[in-house]
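Visitor: Provided herewith: upload.cif, mmCIF, C-alpha atoms.
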```
data_work
#
loop_
_atom_site.group_PDB
_atom_site.id
_atom_site.type_symbol
_atom_site.label_atom_id
_atom_site.label_comp_id
_atom_site.auth_asym_id
_atom_site.auth_seq_id
_atom_site.Cartn_x
_atom_site.Cartn_y
_atom_site.Cartn_z
ATOM 1 C CA MET A 1 81.058 110.374 82.831
ATOM 2 C CA ASN A 2 83.484 110.026 79.933
ATOM 3 C CA GLN A 3 81.556 108.464 77.049
ATOM 4 C CA GLU A 4 84.752 108.154 75.026
ATOM 5 C CA ASN A 5 86.245 105.934 77.737
ATOM 6 C CA ILE A 6 83.166 103.749 77.670
ATOM 7 C CA ARG A 7 83.347 103.479 73.882
ATOM 8 C CA GLN A 8 87.034 102.524 74.038
ATOM 9 C CA PHE A 9 86.351 99.967 76.752
ATOM 10 C CA GLU A 10 83.659 98.325 74.631
ATOM 11 C CA GLU A 11 86.101 98.179 71.716
ATOM 12 C CA LEU A 12 88.668 96.444 73.936
ATOM 13 C CA LEU A 13 86.083 93.882 75.000
ATOM 14 C CA ARG A 14 85.178 93.156 71.377
ATOM 15 C CA LYS A 15 88.769 93.138 70.120
ATOM 16 C CA ASN A 16 90.419 91.080 72.870
ATOM 17 C CA GLY A 17 87.650 88.723 73.945
ATOM 18 C CA ARG A 18 88.261 86.164 76.657
ATOM 19 C CA SER A 19 91.560 84.642 77.773
ATOM 20 C CA THR A 20 90.423 81.343 76.237
ATOM 21 C CA GLY A 21 90.394 82.936 72.771
ATOM 22 C CA THR A 22 86.611 83.133 72.462
ATOM 23 C CA GLY A 23 84.593 86.343 72.301
ATOM 24 C CA PHE A 24 82.253 87.672 74.944
ATOM 25 C CA SER A 25 78.576 86.996 74.327
ATOM 26 C CA GLY A 26 76.277 89.951 73.720
ATOM 27 C CA LEU A 27 74.891 89.754 77.257
ATOM 28 C CA GLU A 28 78.357 89.442 78.802
ATOM 29 C CA LEU A 29 79.590 92.429 76.824
ATOM 30 C CA GLU A 30 76.646 94.617 77.842
ATOM 31 C CA ARG A 31 76.997 93.672 81.504
ATOM 32 C CA LEU A 32 80.759 94.270 81.551
ATOM 33 C CA LYS A 33 80.285 97.657 79.890
ATOM 34 C CA SER A 34 77.554 98.591 82.391
ATOM 35 C CA TYR A 35 79.819 97.513 85.233
ATOM 36 C CA TYR A 36 82.572 99.823 83.961
ATOM 37 C CA GLU A 37 80.072 102.690 83.726
ATOM 38 C CA LEU A 38 78.991 102.146 87.340
ATOM 39 C CA VAL A 39 82.591 102.065 88.562
ATOM 40 C CA LEU A 40 83.258 105.391 86.820
ATOM 41 C CA LYS A 41 80.072 106.824 88.314
ATOM 42 C CA TRP A 42 80.937 105.849 91.896
ATOM 43 C CA ASN A 43 84.716 106.087 91.817
ATOM 44 C CA ALA A 44 85.161 109.741 92.761
ATOM 45 C CA ARG A 45 83.058 109.217 95.880
ATOM 46 C CA LEU A 46 84.371 105.832 97.036
ATOM 47 C CA HIS A 47 87.897 105.647 95.553
ATOM 48 C CA LEU A 48 87.183 102.168 94.230
ATOM 49 C CA THR A 49 90.220 101.965 91.928
ATOM 50 C CA THR A 50 93.009 104.034 90.410
ATOM 51 C CA LEU A 51 92.927 101.849 87.281
ATOM 52 C CA THR A 52 90.126 103.591 85.399
ATOM 53 C CA THR A 53 91.494 104.053 81.869
ATOM 54 C CA PRO A 54 89.940 101.560 79.416
ATOM 55 C CA PRO A 55 93.165 99.516 78.906
ATOM 56 C CA ASN A 56 94.012 99.380 82.611
ATOM 57 C CA PHE A 57 90.473 98.505 83.652
ATOM 58 C CA PHE A 58 90.211 95.812 81.007
ATOM 59 C CA HIS A 59 93.551 94.115 81.687
ATOM 60 C CA ARG A 60 93.699 94.371 85.493
ATOM 61 C CA HIS A 61 90.041 93.998 86.413
ATOM 62 C CA ILE A 62 88.331 92.060 83.611
ATOM 63 C CA TYR A 63 91.063 90.009 81.932
ATOM 64 C CA GLU A 64 92.693 88.890 85.193
ATOM 65 C CA SER A 65 89.283 87.837 86.565
ATOM 66 C CA ASP A 66 88.508 85.999 83.335
ATOM 67 C CA PHE A 67 91.853 84.194 83.427
ATOM 68 C CA ALA A 68 91.305 83.196 87.071
ATOM 69 C CA GLU A 69 87.891 81.786 86.121
ATOM 70 C CA THR A 70 89.525 79.154 83.922
ATOM 71 C CA PHE A 71 91.089 77.534 87.010
ATOM 72 C CA ILE A 72 87.896 77.108 89.036
ATOM 73 C CA SER A 73 87.404 73.404 89.705
ATOM 74 C CA PRO A 74 84.397 71.685 88.062
ATOM 75 C CA SER A 75 83.332 70.471 91.523
ATOM 76 C CA VAL A 76 82.935 74.036 92.817
ATOM 77 C CA GLU A 77 79.391 75.399 93.146
ATOM 78 C CA GLN A 78 80.010 78.466 95.323
ATOM 79 C CA VAL A 79 82.630 81.205 95.022
ATOM 80 C CA TRP A 80 83.441 83.481 97.951
ATOM 81 C CA ASP A 81 85.213 86.684 96.905
ATOM 82 C CA LEU A 82 86.841 87.880 100.125
ATOM 83 C CA GLY A 83 87.352 91.622 100.572
ATOM 84 C CA THR A 84 86.006 92.210 97.078
ATOM 85 C CA GLY A 85 86.195 96.031 97.166
ATOM 86 C CA LEU A 86 84.971 97.225 93.770
ATOM 87 C CA GLY A 87 83.770 93.689 92.986
ATOM 88 C CA VAL A 88 86.872 92.121 91.451
ATOM 89 C CA PRO A 89 87.080 89.312 90.645
ATOM 90 C CA GLY A 90 83.569 88.472 91.876
ATOM 91 C CA ILE A 91 81.453 90.649 89.560
ATOM 92 C CA PRO A 92 83.201 89.503 86.347
ATOM 93 C CA LEU A 93 82.931 85.904 87.589
ATOM 94 C CA ALA A 94 79.194 86.339 88.200
ATOM 95 C CA ILE A 95 78.814 87.670 84.650
ATOM 96 C CA LEU A 96 80.874 84.903 83.031
ATOM 97 C CA ARG A 97 79.674 81.968 85.164
ATOM 98 C CA PRO A 98 75.922 82.405 85.797
ATOM 99 C CA GLU A 99 75.633 78.816 87.056
ATOM 100 C CA LEU A 100 77.897 79.560 90.033
ATOM 101 C CA SER A 101 76.730 81.147 93.269
ATOM 102 C CA ILE A 102 78.984 84.200 93.805
ATOM 103 C CA ASN A 103 79.273 85.689 97.303
ATOM 104 C CA LEU A 104 80.788 89.182 97.438
ATOM 105 C CA VAL A 105 82.217 89.754 100.924
ATOM 106 C CA GLU A 106 82.957 93.385 101.818
ATOM 107 C CA SER A 107 82.995 95.134 105.203
ATOM 108 C CA LYS A 108 82.977 98.813 104.151
ATOM 109 C CA ARG A 109 79.419 100.140 104.014
ATOM 110 C CA GLY A 110 79.913 102.493 101.061
ATOM 111 C CA LYS A 111 81.316 99.708 98.912
ATOM 112 C CA VAL A 112 78.524 97.372 100.022
ATOM 113 C CA ILE A 113 75.963 99.894 98.734
ATOM 114 C CA PHE A 114 77.881 100.199 95.462
ATOM 115 C CA LEU A 115 78.025 96.415 95.023
ATOM 116 C CA GLU A 116 74.316 96.094 95.721
ATOM 117 C CA GLU A 117 73.594 98.638 92.980
ATOM 118 C CA VAL A 118 75.832 96.732 90.542
ATOM 119 C CA VAL A 119 74.141 93.400 91.306
ATOM 120 C CA SER A 120 70.705 94.991 90.875
ATOM 121 C CA ALA A 121 71.509 97.036 87.751
ATOM 122 C CA LEU A 122 73.146 94.085 85.998
ATOM 123 C CA ASN A 123 70.430 91.659 87.178
ATOM 124 C CA LEU A 124 73.035 89.247 88.547
ATOM 125 C CA THR A 125 70.671 86.784 90.180
ATOM 126 C CA ASN A 126 73.584 84.470 91.012
ATOM 127 C CA ALA A 127 75.443 87.121 93.057
ATOM 128 C CA LYS A 128 74.929 88.057 96.699
ATOM 129 C CA VAL A 129 76.544 90.919 98.615
ATOM 130 C CA ILE A 130 77.592 90.072 102.172
ATOM 131 C CA GLY A 131 78.401 93.104 104.291
ATOM 132 C CA ALA A 132 80.708 91.517 106.848
ATOM 133 C CA ARG A 133 84.314 91.071 107.854
ATOM 134 C CA ILE A 134 85.991 87.926 106.552
ATOM 135 C CA GLU A 135 86.614 86.446 109.985
ATOM 136 C CA SER A 136 82.920 86.635 110.901
ATOM 137 C CA ILE A 137 81.726 84.296 108.142
ATOM 138 C CA GLY A 138 82.498 80.922 109.716
ATOM 139 C CA GLN A 139 83.350 77.614 108.066
ATOM 140 C CA LEU A 140 82.281 77.256 104.448
ATOM 141 C CA PRO A 141 80.860 74.250 102.555
ATOM 142 C CA ALA A 142 83.213 71.811 100.835
ATOM 143 C CA ASN A 143 81.909 72.782 97.374
ATOM 144 C CA SER A 144 83.297 76.315 97.796
ATOM 145 C CA CYS A 145 86.168 78.171 96.164
ATOM 146 C CA LEU A 146 87.622 81.071 98.148
ATOM 147 C CA ILE A 147 89.149 83.793 96.014
ATOM 148 C CA ALA A 148 90.897 87.069 96.803
ATOM 149 C CA ARG A 149 93.064 89.613 95.089
ATOM 150 C CA ALA A 150 96.254 90.525 96.906
ATOM 151 C CA VAL A 151 96.044 93.663 99.059
ATOM 152 C CA GLU A 152 98.202 95.341 101.684
ATOM 153 C CA LYS A 153 98.713 93.166 104.767
ATOM 154 C CA MET A 154 97.957 90.099 102.637
ATOM 155 C CA GLU A 155 99.426 87.799 105.279
ATOM 156 C CA GLY A 156 96.387 88.473 107.449
ATOM 157 C CA VAL A 157 94.004 87.752 104.571
ATOM 158 C CA ILE A 158 95.836 84.495 103.839
ATOM 159 C CA SER A 159 95.446 83.323 107.439
ATOM 160 C CA GLU A 160 91.733 84.189 107.340
ATOM 161 C CA MET A 161 91.291 82.360 104.030
ATOM 162 C CA ILE A 162 92.959 79.258 105.396
ATOM 163 C CA ALA A 163 90.839 79.336 108.555
ATOM 164 C CA LEU A 164 87.678 79.557 106.440
ATOM 165 C CA GLY A 165 88.714 77.221 103.663
ATOM 166 C CA ARG A 166 90.296 74.181 105.294
ATOM 167 C CA ASN A 167 87.322 72.044 104.222
ATOM 168 C CA CYS A 168 86.870 73.697 100.817
ATOM 169 C CA ARG A 169 87.791 72.346 97.412
ATOM 170 C CA GLN A 170 89.871 75.305 96.337
ATOM 171 C CA MET A 171 91.444 78.662 97.193
ATOM 172 C CA ILE A 172 92.702 81.175 94.616
ATOM 173 C CA VAL A 173 94.748 84.334 95.112
ATOM 174 C CA LEU A 174 95.618 86.872 92.418
ATOM 175 C CA GLY A 175 98.973 88.419 93.250
ATOM 176 C CA ALA A 176 102.749 88.394 93.055
ATOM 177 C CA GLU A 177 105.085 85.406 93.343
ATOM 178 C CA ASP A 178 106.055 86.162 96.933
ATOM 179 C CA ILE A 179 102.386 85.968 97.946
ATOM 180 C CA GLY A 180 102.252 82.531 96.355
ATOM 181 C CA GLU A 181 105.202 81.314 98.387
ATOM 182 C CA LYS A 182 103.701 82.659 101.613
ATOM 183 C CA PHE A 183 100.409 80.979 100.727
ATOM 184 C CA ARG A 184 102.167 77.660 100.073
ATOM 185 C CA GLU A 185 104.041 77.830 103.395
ATOM 186 C CA ALA A 186 100.922 78.751 105.371
ATOM 187 C CA LEU A 187 98.800 75.991 103.824
ATOM 188 C CA GLY A 188 101.238 73.168 104.480
ATOM 189 C CA THR A 189 99.949 69.738 103.489
ATOM 190 C CA GLY A 190 96.445 69.032 102.237
ATOM 191 C CA PHE A 191 96.542 71.440 99.290
ATOM 192 C CA GLY A 192 98.572 71.436 96.113
ATOM 193 C CA VAL A 193 99.634 74.965 95.127
ATOM 194 C CA ARG A 194 100.541 76.061 91.600
ATOM 195 C CA LEU A 195 101.356 79.495 90.224
ATOM 196 C CA HIS A 196 100.162 80.477 86.745
ATOM 197 C CA THR A 197 101.529 83.621 85.089
ATOM 198 C CA ILE A 198 98.769 85.961 83.967
ATOM 199 C CA PRO A 199 99.203 86.541 80.201
ATOM 200 C CA GLY A 200 100.696 89.932 79.443
ATOM 201 C CA SER A 201 102.282 90.166 82.885
ATOM 202 C CA GLU A 202 105.633 88.953 84.186
ATOM 203 C CA ARG A 203 104.952 89.595 87.861
ATOM 204 C CA ARG A 204 101.290 88.757 88.430
ATOM 205 C CA PHE A 205 100.019 85.245 88.989
ATOM 206 C CA VAL A 206 96.910 83.187 89.618
ATOM 207 C CA ILE A 207 97.894 81.223 92.724
ATOM 208 C CA ASN A 208 95.752 78.109 92.684
ATOM 209 C CA ALA A 209 95.454 75.887 95.770
ATOM 210 C CA VAL A 210 93.410 72.710 95.280
ATOM 211 C CA SER A 211 92.520 70.262 98.031
ATOM 212 C CA SER A 212 94.307 66.928 97.706
ATOM 213 C CA THR A 213 91.643 65.066 99.704
#
```
Any chance you could put this one into structure tokens?

Guide:
Amino acid sequence: MNQENIRQFEELLRKNGRSTGTGFSGLELERLKSYYELVLKWNARLHLTTLTTPPNFFHRHIYESDFAETFISPSVEQVWDLGTGLGVPGIPLAILRPELSINLVESKRGKVIFLEEVVSALNLTNAKVIGARIESIGQLPANSCLIARAVEKMEGVISEMIALGRNCRQMIVLGAEDIGEKFREALGTGFGVRLHTIPGSERRFVINAVSST
């Protein structure tokens, strides 16, 4: 494991802080650093991410998750991270919002084992790993926010999100503008959809769909 990368990542956390302009607390910083260490440890075996340099990991995995957190509705009590993969945005959300119940949904067994180690090592008592396919979950409570980061074949994920989240307060997707337009078209009425440019990026957005009922 590259200790220099870990040192640089910690410096980025301290220097940049949160998207709101505040710094990370001591506990948040230690947990985020430990999370990065675990990703580096497991990455060669599981191919969790290609974005492993300190700047890339910070901006694409931590900062984007932190920025998305600012849009979670106050009425939300549960977050369902669908197809979470390496745990983004769910793990950063669990670190930054300990009062929320974070459900990490992942179908691939190797990644499930990795996520379980992260949750245990970081003592994230508000996070739960669910080893299942998205379509097998069933309807979710109204106080839920569904969240996903755009992947290949995102149209299928969008349809699954909508099927699960019709009665939910909120759905959030991290992705490009075209994904936002497809999401808006698929949702139809009942949700207001807004796109928010992620700071430092011209092509990546937080796509925020909030129930109008």

Visitor: Report as a short mmCIF file (atom, residue, chain, number, x, y, z; two decimals) with C-alpha atoms, keeping the file's coordinate frame the full result of the PyMOL selection byres ((chain A and resi 166) around 12) when it is applied to this structure.

Guide:
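Output file out25.cif follows:
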```cif
data_model
loop_
_atom_site.label_atom_id
_atom_site.label_comp_id
_atom_site.auth_asym_id
_atom_site.auth_seq_id
_atom_site.Cartn_x
_atom_site.Cartn_y
_atom_site.Cartn_z
CA GLY A 138 82.50 80.92 109.72
CA GLN A 139 83.35 77.61 108.07
CA LEU A 140 82.28 77.26 104.45
CA PRO A 141 80.86 74.25 102.56
CA ALA A 142 83.21 71.81 100.84
CA ASN A 143 81.91 72.78 97.37
CA SER A 144 83.30 76.32 97.80
CA CYS A 145 86.17 78.17 96.16
CA LEU A 146 87.62 81.07 98.15
CA ILE A 158 95.84 84.50 103.84
CA SER A 159 95.45 83.32 107.44
CA GLU A 160 91.73 84.19 107.34
CA MET A 161 91.29 82.36 104.03
CA ILE A 162 92.96 79.26 105.40
CA ALA A 163 90.84 79.34 108.56
CA LEU A 164 87.68 79.56 106.44
CA GLY A 165 88.71 77.22 103.66
CA ASN A 167 87.32 72.04 104.22
CA CYS A 168 86.87 73.70 100.82
CA ARG A 169 87.79 72.35 97.41
CA GLN A 170 89.87 75.31 96.34
CA MET A 171 91.44 78.66 97.19
CA ALA A 186 100.92 78.75 105.37
CA LEU A 187 98.80 75.99 103.82
CA GLY A 188 101.24 73.17 104.48
CA THR A 189 99.95 69.74 103.49
CA GLY A 190 96.44 69.03 102.24
CA PHE A 191 96.54 71.44 99.29
CA ALA A 209 95.45 75.89 95.77
CA VAL A 210 93.41 72.71 95.28
CA SER A 211 92.52 70.26 98.03
CA SER A 212 94.31 66.93 97.71
CA THR A 213 91.64 65.07 99.70
#
```

Visitor: Kindly give the distance, in Å, that separates CA of Glu181 in chain A and CA of Leu100 in chain A, rounded to a single decimal.

Guide: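 Spanning CA of Glu181 in chain A to CA of Leu100 in chain A is a straight-line distance of 28.6 Å.
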
Visitor: Using the chain letters and numbers from the file, which residues does the PyMOL selection byres ((chain A and resi 3) around 12) grab, as a list of chain:residue names?

Guide: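 With the PyMOL selection byres ((chain A and resi 3) around 12) on this model, the match is A:Met1, A:Asn2, A:Glu4, A:Asn5, A:Ile6, A:Arg7, A:Gln8, A:Phe9, A:Glu10, A:Lys33, A:Ser34, A:Tyr36, A:Glu37, A:Leu40, A:Lys41, A:Thr53, A:Pro54.
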
Visitor: Output C-alpha atoms for every residue in the selection just made, as a short mmCIF file (atom, residue, chain, number, x, y, z; two decimals), keeping the file's coordinate frame.

Guide:
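Saved the output as selection26.cif:
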```
data_model
loop_
_atom_site.label_atom_id
_atom_site.label_comp_id
_atom_site.auth_asym_id
_atom_site.auth_seq_id
_atom_site.Cartn_x
_atom_site.Cartn_y
_atom_site.Cartn_z
CA MET A 1 81.06 110.37 82.83
CA ASN A 2 83.48 110.03 79.93
CA GLU A 4 84.75 108.15 75.03
CA ASN A 5 86.24 105.93 77.74
CA ILE A 6 83.17 103.75 77.67
CA ARG A 7 83.35 103.48 73.88
CA GLN A 8 87.03 102.52 74.04
CA PHE A 9 86.35 99.97 76.75
CA GLU A 10 83.66 98.32 74.63
CA LYS A 33 80.28 97.66 79.89
CA SER A 34 77.55 98.59 82.39
CA TYR A 36 82.57 99.82 83.96
CA GLU A 37 80.07 102.69 83.73
CA LEU A 40 83.26 105.39 86.82
CA LYS A 41 80.07 106.82 88.31
CA THR A 53 91.49 104.05 81.87
CA PRO A 54 89.94 101.56 79.42
#
```

Visitor: Please list as a PyMOL selection string every residue within 6 Å of Ala176 in chain A, counting only C-alpha atoms and excluding residues in the same chain fewer than 5 positions away.

Guide: chain A and resi 203-205

Visitor: Pick the closest to Ala68 in chain A from A:Leu93, A:Leu124, A:Leu27, A:Leu51: which is it, counting only C-alpha atoms?

Guide: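 Closest candidate: A:Leu93.
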
Visitor: Counting only C-alpha atoms, which of A:Met154, A:Pro89, A:Lys182, A:Val173 gets nearest to His196 in chain A?

Guide: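 Closest to His196 in chain A of all the choices is A:Val173.
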
Visitor: Enclose all atoms of range 139-144 of chain A listed in the file in an axis-aligned box, grow every side by 8 Å, and hand back centre and edge lengths in Å to one decimal, as AutoDock Vina command-line options.

Guide:
```
--center_x 82.1 --center_y 74.7 --center_z 102.7 --size_x 18.5 --size_y 21.8 --size_z 26.7
```

Visitor: How many Å lie between CA of Gly110 in chain A and CA of Lys128 in chain A, rounded to one decimal?

Guide: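 Between CA of Gly110 in chain A and CA of Lys128 in chain A the gap is 15.9 Å.
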
Visitor: With distances taken over all atoms listed in the file, which of A:Asp66, A:Glu202, A:Glu185, A:Asp81 is nearest to Ala150 in chain A?

Guide: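 Result for the nearest residue to Ala150 in chain A: A:Asp81.
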